[in-house]
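Colleague: Supplied structure: model.txt, compact mmCIF, C-alpha atoms.
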# COMPACT_ATOMS: atom_id res chain seq x y z
CA MET N 1 19.40 10.57 -2.84
CA SER N 2 22.66 10.14 -4.75
CA TYR N 3 23.45 6.79 -3.11
CA LEU N 4 20.22 5.23 -4.37
CA SER N 5 20.23 3.27 -7.59
CA ALA N 6 19.39 5.00 -10.86
CA ASN N 7 16.29 2.82 -11.08
CA LEU N 8 14.93 3.94 -7.72
CA ASN N 9 15.87 7.57 -8.36
CA MET N 10 13.88 7.35 -11.58
CA LEU N 11 10.88 5.86 -9.83
CA VAL N 12 10.77 8.40 -7.00
CA GLY N 13 11.27 11.31 -9.39
CA ALA N 14 8.53 10.10 -11.75
CA VAL N 15 6.04 9.64 -8.92
CA LYS N 16 6.69 13.06 -7.43
CA LYS N 17 6.47 14.82 -10.78
CA ALA N 18 3.28 13.01 -11.75
CA THR N 19 1.53 13.77 -8.45
CA ALA N 20 2.10 17.54 -8.36
CA SER N 21 -1.44 18.05 -9.67
CA LEU N 22 -2.86 15.79 -6.94
CA ASN N 23 -1.33 17.91 -4.19
CA ARG N 24 -2.80 21.08 -5.71
CA ASP N 25 -6.20 19.45 -6.08
CA PHE N 26 -6.18 18.24 -2.48
CA SER N 27 -5.58 21.77 -1.22
CA GLU N 28 -8.84 22.79 -2.91
CA ILE N 29 -11.02 19.83 -1.93
CA GLU N 30 -12.31 21.22 1.37
CA GLN N 31 -13.84 24.20 -0.40
CA LEU N 32 -16.04 21.86 -2.44
CA GLN N 33 -17.52 19.82 0.40
CA SER N 34 -20.79 21.80 0.38
CA SER N 35 -21.54 20.67 -3.18
CA VAL N 36 -21.88 16.90 -3.37
CA ARG N 37 -22.03 16.85 -7.15
CA GLY N 38 -19.23 19.35 -7.46
CA TYR N 39 -16.75 17.55 -5.25
CA LYS N 40 -17.44 14.13 -6.81
CA GLU N 41 -16.72 15.50 -10.26
CA PHE N 42 -13.63 17.24 -8.91
CA VAL N 43 -12.29 14.01 -7.37
CA ALA N 44 -12.92 12.08 -10.59
CA SER N 45 -11.05 14.75 -12.53
CA ALA N 46 -8.14 14.71 -10.04
CA LEU N 47 -7.86 10.92 -10.36
CA LYS N 48 -7.93 11.06 -14.14
CA LYS N 49 -5.16 13.66 -14.20
CA VAL N 50 -2.83 11.76 -11.92
CA GLU N 51 -3.41 8.51 -13.82
CA LYS N 52 -2.53 10.25 -17.08
CA ASN N 53 0.54 11.91 -15.55
CA LEU N 54 1.81 8.64 -14.07
CA ARG N 55 1.47 6.83 -17.37
CA ALA N 56 3.33 9.61 -19.14
CA GLU N 57 6.19 9.85 -16.62
CA LEU N 58 6.66 6.10 -16.18
CA SER N 59 6.50 5.47 -19.93
CA LYS N 60 9.07 8.20 -20.48
CA ALA N 61 11.41 6.62 -17.95
CA ARG N 62 10.88 3.00 -19.03
CA PRO N 63 9.26 2.96 -22.49
CA THR N 64 9.54 -0.83 -22.85
CA TYR N 65 7.71 -1.60 -19.59
CA ALA N 66 4.03 -2.49 -19.72
CA TYR N 67 1.38 -1.09 -17.39
CA ALA N 68 -0.65 -3.62 -15.40
CA GLU N 69 -4.43 -3.20 -15.48
CA GLU N 70 -6.52 -4.23 -12.47
CA GLY N 71 -8.73 -7.21 -13.29
CA LYS N 72 -6.80 -8.11 -16.45
CA PRO N 73 -4.09 -10.75 -16.97
CA GLN N 74 -0.69 -9.72 -15.66
CA PRO N 75 1.72 -8.68 -18.44
CA LYS N 76 4.39 -11.28 -19.13
CA GLY N 77 7.38 -8.94 -19.31
CA PRO N 78 8.61 -6.15 -17.01
CA HIS N 79 5.77 -3.88 -15.96
CA PHE N 80 4.52 -1.30 -13.48
CA ILE N 81 1.83 -2.06 -10.90
CA VAL N 82 0.23 1.28 -10.04
CA SER N 83 -2.41 2.61 -7.68
CA ALA N 84 -2.86 6.24 -8.73
CA LEU N 85 -4.90 7.19 -5.65
CA ASP N 86 -5.17 4.67 -2.84
CA GLY N 87 -7.43 6.12 -0.17
CA ILE N 88 -9.67 8.04 -2.58
CA VAL N 89 -12.47 8.35 0.03
CA ASN N 90 -10.05 10.06 2.42
CA PHE N 91 -8.95 12.37 -0.39
CA ALA N 92 -12.56 13.22 -1.23
CA HIS N 93 -13.26 14.15 2.39
CA GLY N 94 -10.16 16.27 2.85
CA ILE N 95 -8.34 13.75 5.04
CA PRO N 96 -4.60 13.70 4.28
CA TYR N 97 -4.18 9.92 4.42
CA PHE N 98 -3.90 8.72 0.84
CA ALA N 99 -1.06 7.69 -1.42
CA VAL N 100 0.23 6.93 -4.86
CA SER N 101 1.76 3.45 -4.97
CA VAL N 102 4.04 2.29 -7.78
CA ALA N 103 5.87 -1.03 -8.00
CA VAL N 104 8.16 -2.51 -10.63
CA TYR N 105 7.57 -6.18 -11.42
CA GLU N 106 10.20 -8.01 -13.45
CA ASN N 107 11.81 -11.44 -13.63
CA GLY N 108 8.91 -12.90 -11.67
CA GLN N 109 9.18 -10.64 -8.63
CA ILE N 110 8.62 -7.13 -7.29
CA THR N 111 11.99 -5.39 -7.59
CA ALA N 112 11.24 -1.79 -6.55
CA GLY N 113 8.45 0.21 -5.01
CA VAL N 114 7.48 3.73 -3.97
CA ILE N 115 4.61 4.87 -1.76
CA TYR N 116 4.12 8.62 -1.68
CA ASN N 117 1.59 10.78 0.17
CA PRO N 118 1.61 14.19 -1.58
CA ALA N 119 -0.41 15.82 1.22
CA THR N 120 2.24 15.15 3.88
CA GLU N 121 5.21 14.63 1.53
CA GLU N 122 5.93 11.27 3.17
CA CYS N 123 7.84 9.12 0.70
CA TYR N 124 8.64 5.47 1.36
CA PHE N 125 10.69 3.38 -1.05
CA ALA N 126 12.45 0.06 -1.36
CA GLU N 127 14.48 -1.94 -3.82
CA ARG N 128 14.90 -5.69 -3.61
CA GLY N 129 17.95 -6.62 -1.58
CA THR N 130 18.85 -3.09 -0.47
CA GLY N 131 16.39 -2.33 2.33
CA ALA N 132 13.39 -0.05 2.82
CA TYR N 133 13.59 3.65 3.59
CA LYS N 134 11.60 6.76 4.38
CA GLU N 135 12.88 9.84 2.59
CA GLY N 136 14.54 12.48 4.74
CA PHE N 137 15.85 15.96 4.03
CA ARG N 138 19.51 14.97 4.33
CA ASN N 139 19.55 11.35 5.40
CA HIS N 140 16.99 8.67 4.63
CA GLU N 141 15.58 6.66 7.52
CA ARG N 142 16.17 2.91 7.30
CA LEU N 143 12.91 1.14 8.09
CA ARG N 144 12.49 -1.83 10.41
CA VAL N 145 9.31 -3.66 11.34
CA SER N 146 8.39 -3.67 15.01
CA ALA N 147 9.78 -6.31 17.38
CA ARG N 148 6.60 -6.88 19.38
CA LYS N 149 5.90 -10.51 20.15
CA GLU N 150 2.45 -10.41 21.72
CA LEU N 151 -0.83 -9.65 19.96
CA SER N 152 -2.11 -8.12 23.18
CA GLU N 153 0.51 -5.37 22.81
CA SER N 154 0.05 -4.86 19.07
CA MET N 155 -1.65 -2.16 17.05
CA ILE N 156 -2.96 -3.50 13.77
CA SER N 157 -4.96 -2.35 10.78
CA ALA N 158 -7.61 -4.96 9.99
CA LYS N 159 -10.18 -4.58 7.23
CA ILE N 160 -11.97 -7.81 6.41
CA ILE N 161 -14.63 -7.18 3.78
CA SER N 162 -16.81 -9.15 1.39
CA THR N 163 -17.13 -8.10 -2.23
CA THR N 164 -20.57 -9.68 -2.57
CA ASP N 165 -23.92 -9.57 -0.78
CA ASN N 166 -23.65 -13.26 0.05
CA GLU N 167 -24.74 -13.64 3.65
CA ALA N 168 -22.38 -16.55 4.31
CA GLU N 169 -19.36 -14.55 3.10
CA ILE N 170 -20.38 -11.52 5.16
CA ALA N 171 -20.79 -13.74 8.22
CA GLY N 172 -17.35 -15.21 7.54
CA CYS N 173 -15.79 -11.74 7.49
CA ARG N 174 -17.44 -10.87 10.78
CA LYS N 175 -16.19 -14.12 12.28
CA VAL N 176 -12.60 -13.30 11.30
CA LEU N 177 -12.83 -9.86 12.89
CA SER N 178 -14.45 -11.28 16.02
CA LYS N 179 -11.49 -13.64 16.39
CA LEU N 180 -8.79 -11.09 15.75
CA VAL N 181 -9.82 -7.72 17.18
CA PRO N 182 -10.33 -8.82 20.84
CA GLU N 183 -6.80 -10.25 20.90
CA VAL N 184 -4.94 -7.06 19.96
CA ASN N 185 -4.25 -3.83 21.79
CA ALA N 186 -5.91 -1.67 19.11
CA ASN N 187 -7.30 -1.88 15.60
CA ARG N 188 -7.04 1.18 13.36
CA ASN N 189 -8.45 1.25 9.85
CA PHE N 190 -7.00 4.36 8.23
CA GLY N 191 -8.43 3.82 4.74
CA ALA N 192 -5.33 3.42 2.55
CA VAL N 193 -3.73 -0.02 2.70
CA SER N 194 -0.59 1.03 0.82
CA LEU N 195 0.25 3.58 3.53
CA ASP N 196 -0.72 1.06 6.21
CA LEU N 197 1.88 -1.32 4.79
CA ALA N 198 4.47 1.46 4.79
CA TYR N 199 3.64 2.01 8.46
CA VAL N 200 4.20 -1.70 9.16
CA ALA N 201 7.60 -1.40 7.48
CA ALA N 202 8.34 1.61 9.67
CA GLY N 203 7.26 -0.17 12.86
CA LYS N 204 4.37 2.23 13.48
CA LEU N 205 1.80 -0.52 12.93
CA ASP N 206 2.51 -4.08 13.97
CA ALA N 207 0.37 -5.74 11.30
CA VAL N 208 -1.97 -5.25 8.38
CA VAL N 209 -4.67 -7.88 7.94
CA GLY N 210 -7.03 -7.41 5.03
CA SER N 211 -9.16 -9.19 2.47
CA ASN N 212 -10.04 -8.46 -1.15
CA ASN N 213 -7.42 -5.74 -1.63
CA MET N 214 -6.42 -4.65 -5.10
CA SER N 215 -2.98 -5.88 -6.12
CA SER N 216 -2.08 -2.33 -7.17
CA SER N 217 -2.52 -1.16 -3.57
CA LEU N 218 -0.41 -4.02 -2.18
CA ALA N 219 2.57 -4.47 -4.50
CA ALA N 220 4.90 -1.67 -3.38
CA GLY N 221 3.96 -2.14 0.28
CA ILE N 222 4.71 -5.86 0.15
CA LEU N 223 8.26 -5.09 -0.92
CA LEU N 224 8.64 -2.42 1.76
CA VAL N 225 7.58 -4.84 4.50
CA LYS N 226 9.88 -7.58 3.20
CA GLU N 227 12.87 -5.25 2.93
CA ALA N 228 12.18 -3.97 6.45
CA GLY N 229 12.47 -7.49 7.84
CA GLY N 230 8.80 -8.42 7.92
CA CYS N 231 6.80 -11.31 6.51
CA ILE N 232 3.91 -11.50 4.06
CA LEU N 233 1.33 -14.27 4.32
CA ASP N 234 -2.00 -15.08 2.73
CA MET N 235 -4.86 -14.94 5.23
CA ALA N 236 -5.73 -18.58 4.51
CA GLN N 237 -2.13 -19.77 4.82
CA THR N 238 -1.61 -22.34 7.56
CA ASP N 239 2.03 -23.22 6.87
CA THR N 240 3.86 -20.01 7.75
CA ARG N 241 7.34 -21.37 7.10
CA SER N 242 7.37 -20.01 3.56
CA GLU N 243 5.85 -17.14 1.60
CA ASN N 244 4.17 -16.83 -1.78
CA LEU N 245 4.01 -13.14 -2.62
CA ASP N 246 2.35 -13.72 -6.00
CA ALA N 247 -0.45 -15.67 -4.31
CA VAL N 248 -1.08 -12.73 -1.98
CA LEU N 249 -1.11 -10.31 -4.91
CA GLN N 250 -3.63 -12.48 -6.72
CA SER N 251 -5.94 -13.11 -3.76
CA GLY N 252 -5.68 -9.66 -2.18
CA ASN N 253 -5.91 -11.36 1.22
CA ILE N 254 -2.89 -10.32 3.24
CA ILE N 255 -1.20 -10.63 6.60
CA ALA N 256 1.81 -8.29 6.77
CA CYS N 257 3.70 -8.13 10.06
CA ASN N 258 6.87 -9.09 11.85
CA ALA N 259 7.75 -12.77 12.06
CA ASN N 260 6.98 -12.92 15.79
CA ILE N 261 3.25 -12.39 15.42
CA GLY N 262 2.72 -13.71 11.87
CA LYS N 263 2.17 -17.30 12.97
CA LYS N 264 -0.05 -16.19 15.85
CA ILE N 265 -2.34 -14.25 13.53
CA SER N 266 -2.44 -17.10 11.01
CA ASP N 267 -3.24 -19.65 13.72
CA LEU N 268 -5.94 -17.38 15.12
CA LEU N 269 -7.64 -16.93 11.76
CA ASN N 270 -7.39 -20.54 10.59
CA ASN N 271 -8.33 -22.48 13.71
Would you encode the structure as structure tokens?
Modeller:
Amino acid sequence: MSYLSANLNMLVGAVKKATASLNRDFSEIEQLQSSVRGYKEFVASALKKVEKNLRAELSKARPTYAYAEEGKPQPKGPHFIVSALDGIVNFAHGIPYFAVSVAVYENGQITAGVIYNPATEECYFAERGTGAYKEGFRNHERLRVSARKELSESMISAKIISTTDNEAEIAGCRKVLSKLVPEVNANRNFGAVSLDLAYVAAGKLDAVVGSNNMSSSLAAGILLVKEAGGCILDMAQTDTRSENLDAVLQSGNIIACNANIGKKISDLLNN
């Protein structure tokens, strides 16, 4: 990784060091499935450890950077946007599809991001203006979004959920899915949106469409998709000629895909 910037080297190294405990804990999780109380406490402990480790490693590397808190005002200066365990339900059930997602936000934009799955050792990273990559043993793989043009040929990950019990909102979510899912080749909801976004950047998925996501799960993946040649839209966005990444971070309602199908998805959802 010598050709990567010092900033990105720092970020990847900090994430890997901080998540060593998470990998060890995951290897033990299957043995605790027979005890509901036991495994829930174990998962909570694993999450607490990795959160503490991430804070320590990131603060050591960039002591002047703040640490964004979900649900609280965004820090004004440079800061980290962190999801310590995206896909916690998968982790709890022994399914190796979860990730740690860390993004750097400074000067009004996301400038670097890392998405790392300790269970599979898949590491995706990007820095603004330099492209998106998947880590390799000797050479890193440059990522490119898919070139598919038709929704009927596309595999997407769509998770449209309501955060309330309001019947109208729930009905609205169902309506969105009923519009979208029949038009695509396949819909796969893997349970960790940060990794889903990395898969869009890598061309494995053609799109991610989701509502009410946490900004911490989206930030690094948004940069990966952009640096891999993709586009990021808000689900309610009708004018697809421009992007507002901060608006997507704030709303949590995202369309991430290649430019060919972005307008088609937006038109489908908003007409």
Colleague: Please provide the set of residues having any atom within 9 Å of Asp239 (chain N), restricted to only C-alpha atoms, with same-chain residues fewer than 3 positions apart removed, written as a VMD selection string.
Modeller: chain N and resid 242 to 243 263 266
Colleague: Find, counting all atoms listed in the file, the residue in N:Asn23, N:Ser152, N:Asn253, N:Ser146 that gets nearest to Cys173 (chain N).
Modeller: N:Asn253
Colleague: Which is closer to Arg24 (chain N) than all the others in N:Leu224, N:Ala44, N:Val50, N:Ala186, using only C-alpha atoms?
Modeller: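 Once distances to Arg24 (chain N) are computed over only C-alpha atoms, the minimum belongs to N:Val50.
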Colleague: Which residues come within 9 Å of Ala46 (chain N), counting all atoms listed in the file, excluding same-chain residues fewer than 2 positions away, as a list of chain:residue names?
Modeller: N:Ser21, N:Leu22, N:Asp25, N:Phe26, N:Glu41, N:Phe42, N:Val43, N:Ala44, N:Lys48, N:Lys49, N:Val50, N:Glu51
Colleague: Could you tell me how far CA of Thr164 (chain N) sits from CA of Ala219 (chain N), in Å to one decimal place?
Modeller: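 Between CA of Ala219 (chain N) and CA of Thr164 (chain N) the gap works out to 23.8 Å.
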Colleague: Name the residues in contact with Asp206 (chain N) at a cut-off of 9 Å, using all atoms listed in the file, excluding same-chain residues fewer than 2 positions from it; report them as a ChimeraX atom specification.
Modeller: /N:145-148,151,154-157,199-201,203-204,208,256-258,261
Colleague: For region 144-234 of chain N versus region 58-82 of chain N, which residues have an atom no more than 10 Å away, and what is each residue's nearest atom pair and distance in Å rounded to one decimal, using only C-alpha atoms, chain-then-number order, as a tab-separated table?
Modeller:
residue	atom	partner	partner_atom	distance
N:Met214	CA	N:Glu70	CA	7.4
N:Ser215	CA	N:Glu70	CA	7.5
N:Ser216	CA	N:Val82	CA	5.2
N:Ser217	CA	N:Val82	CA	7.4
N:Leu218	CA	N:Ile81	CA	9.2
N:Ala219	CA	N:Ile81	CA	6.9
N:Ala220	CA	N:Ile81	CA	8.1
Colleague: Please, what distance in Å, to one decimal, runs between CA of Ala247 (chain N) and CA of Asp86 (chain N)?
Modeller: 20.9 Å
Colleague: Find the residues near Asn213 (chain N): any atom within 12 Å, counting all atoms listed in the file, skip ones fewer than 4 places away on the same chain, and give them as a ChimeraX atom specification.
Modeller: /N:70-71,83,86-87,158-163,191-194,208-209,217-219,234-235,248-255
Colleague: Once you have the residues from the selection above, write them out as an mmCIF file, in the frame of the given file, restricted to C-alpha atoms.
Modeller:
data_model
loop_
_atom_site.group_PDB
_atom_site.id
_atom_site.type_symbol
_atom_site.label_atom_id
_atom_site.label_comp_id
_atom_site.auth_asym_id
_atom_site.auth_seq_id
_atom_site.Cartn_x
_atom_site.Cartn_y
_atom_site.Cartn_z
ATOM 1 C CA GLU N 70 -6.520 -4.230 -12.470
ATOM 2 C CA GLY N 71 -8.730 -7.210 -13.290
ATOM 3 C CA SER N 83 -2.410 2.610 -7.680
ATOM 4 C CA ASP N 86 -5.170 4.670 -2.840
ATOM 5 C CA GLY N 87 -7.430 6.120 -0.170
ATOM 6 C CA ALA N 158 -7.610 -4.960 9.990
ATOM 7 C CA LYS N 159 -10.180 -4.580 7.230
ATOM 8 C CA ILE N 160 -11.970 -7.810 6.410
ATOM 9 C CA ILE N 161 -14.630 -7.180 3.780
ATOM 10 C CA SER N 162 -16.810 -9.150 1.390
ATOM 11 C CA THR N 163 -17.130 -8.100 -2.230
ATOM 12 C CA GLY N 191 -8.430 3.820 4.740
ATOM 13 C CA ALA N 192 -5.330 3.420 2.550
ATOM 14 C CA VAL N 193 -3.730 -0.020 2.700
ATOM 15 C CA SER N 194 -0.590 1.030 0.820
ATOM 16 C CA VAL N 208 -1.970 -5.250 8.380
ATOM 17 C CA VAL N 209 -4.670 -7.880 7.940
ATOM 18 C CA SER N 217 -2.520 -1.160 -3.570
ATOM 19 C CA LEU N 218 -0.410 -4.020 -2.180
ATOM 20 C CA ALA N 219 2.570 -4.470 -4.500
ATOM 21 C CA ASP N 234 -2.000 -15.080 2.730
ATOM 22 C CA MET N 235 -4.860 -14.940 5.230
ATOM 23 C CA VAL N 248 -1.080 -12.730 -1.980
ATOM 24 C CA LEU N 249 -1.110 -10.310 -4.910
ATOM 25 C CA GLN N 250 -3.630 -12.480 -6.720
ATOM 26 C CA SER N 251 -5.940 -13.110 -3.760
ATOM 27 C CA GLY N 252 -5.680 -9.660 -2.180
ATOM 28 C CA ASN N 253 -5.910 -11.360 1.220
ATOM 29 C CA ILE N 254 -2.890 -10.320 3.240
ATOM 30 C CA ILE N 255 -1.200 -10.630 6.600
#
Colleague: Taking into account only C-alpha atoms, which residue in the set N:Val89, N:Ile265, N:Leu54, N:Ala14 is nearest to Leu177 (chain N)?
Modeller: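 Using only C-alpha atoms, Leu177 (chain N) sits closest to N:Ile265.
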Colleague: Given the point (18.5, 3.6, -2.7) in the coordinates of this file, which residues lie within 12 Å, counting all atoms listed in the file, and how would they look as a count of residues only?
Modeller: 32
Colleague: Let me make sure I understand: among N:Ala168, N:Val100, N:Ile115, N:Ala207, which one has the smallest atom-to-atom distance to Ala20 (chain N) if we use all atoms listed in the file?
Modeller: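 Residue with the minimum atom-to-atom distance to Ala20 (chain N): N:Val100.
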Colleague: Give me, please, the distance in Å between CA of Lys226 (chain N) and CA of Leu47 (chain N), quoted to one decimal.
Modeller: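 Distance reported for this atom pair: 29.0 Å.
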Colleague: Nearest residue to Leu268 (chain N) out of N:Val176, N:Leu143, N:Ile29, N:Ile170, using only C-alpha atoms?
Modeller: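 Comparing N:Val176, N:Leu143, N:Ile29, N:Ile170 against Leu268 (chain N), the winner is N:Val176.
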Colleague: Which one of N:Gln237, N:Asn212, N:Asn117, N:Asn260 sits closest to Ile88 (chain N) if you count all atoms listed in the file?
Modeller: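 The answer is N:Asn117, which sits nearest to Ile88 (chain N).
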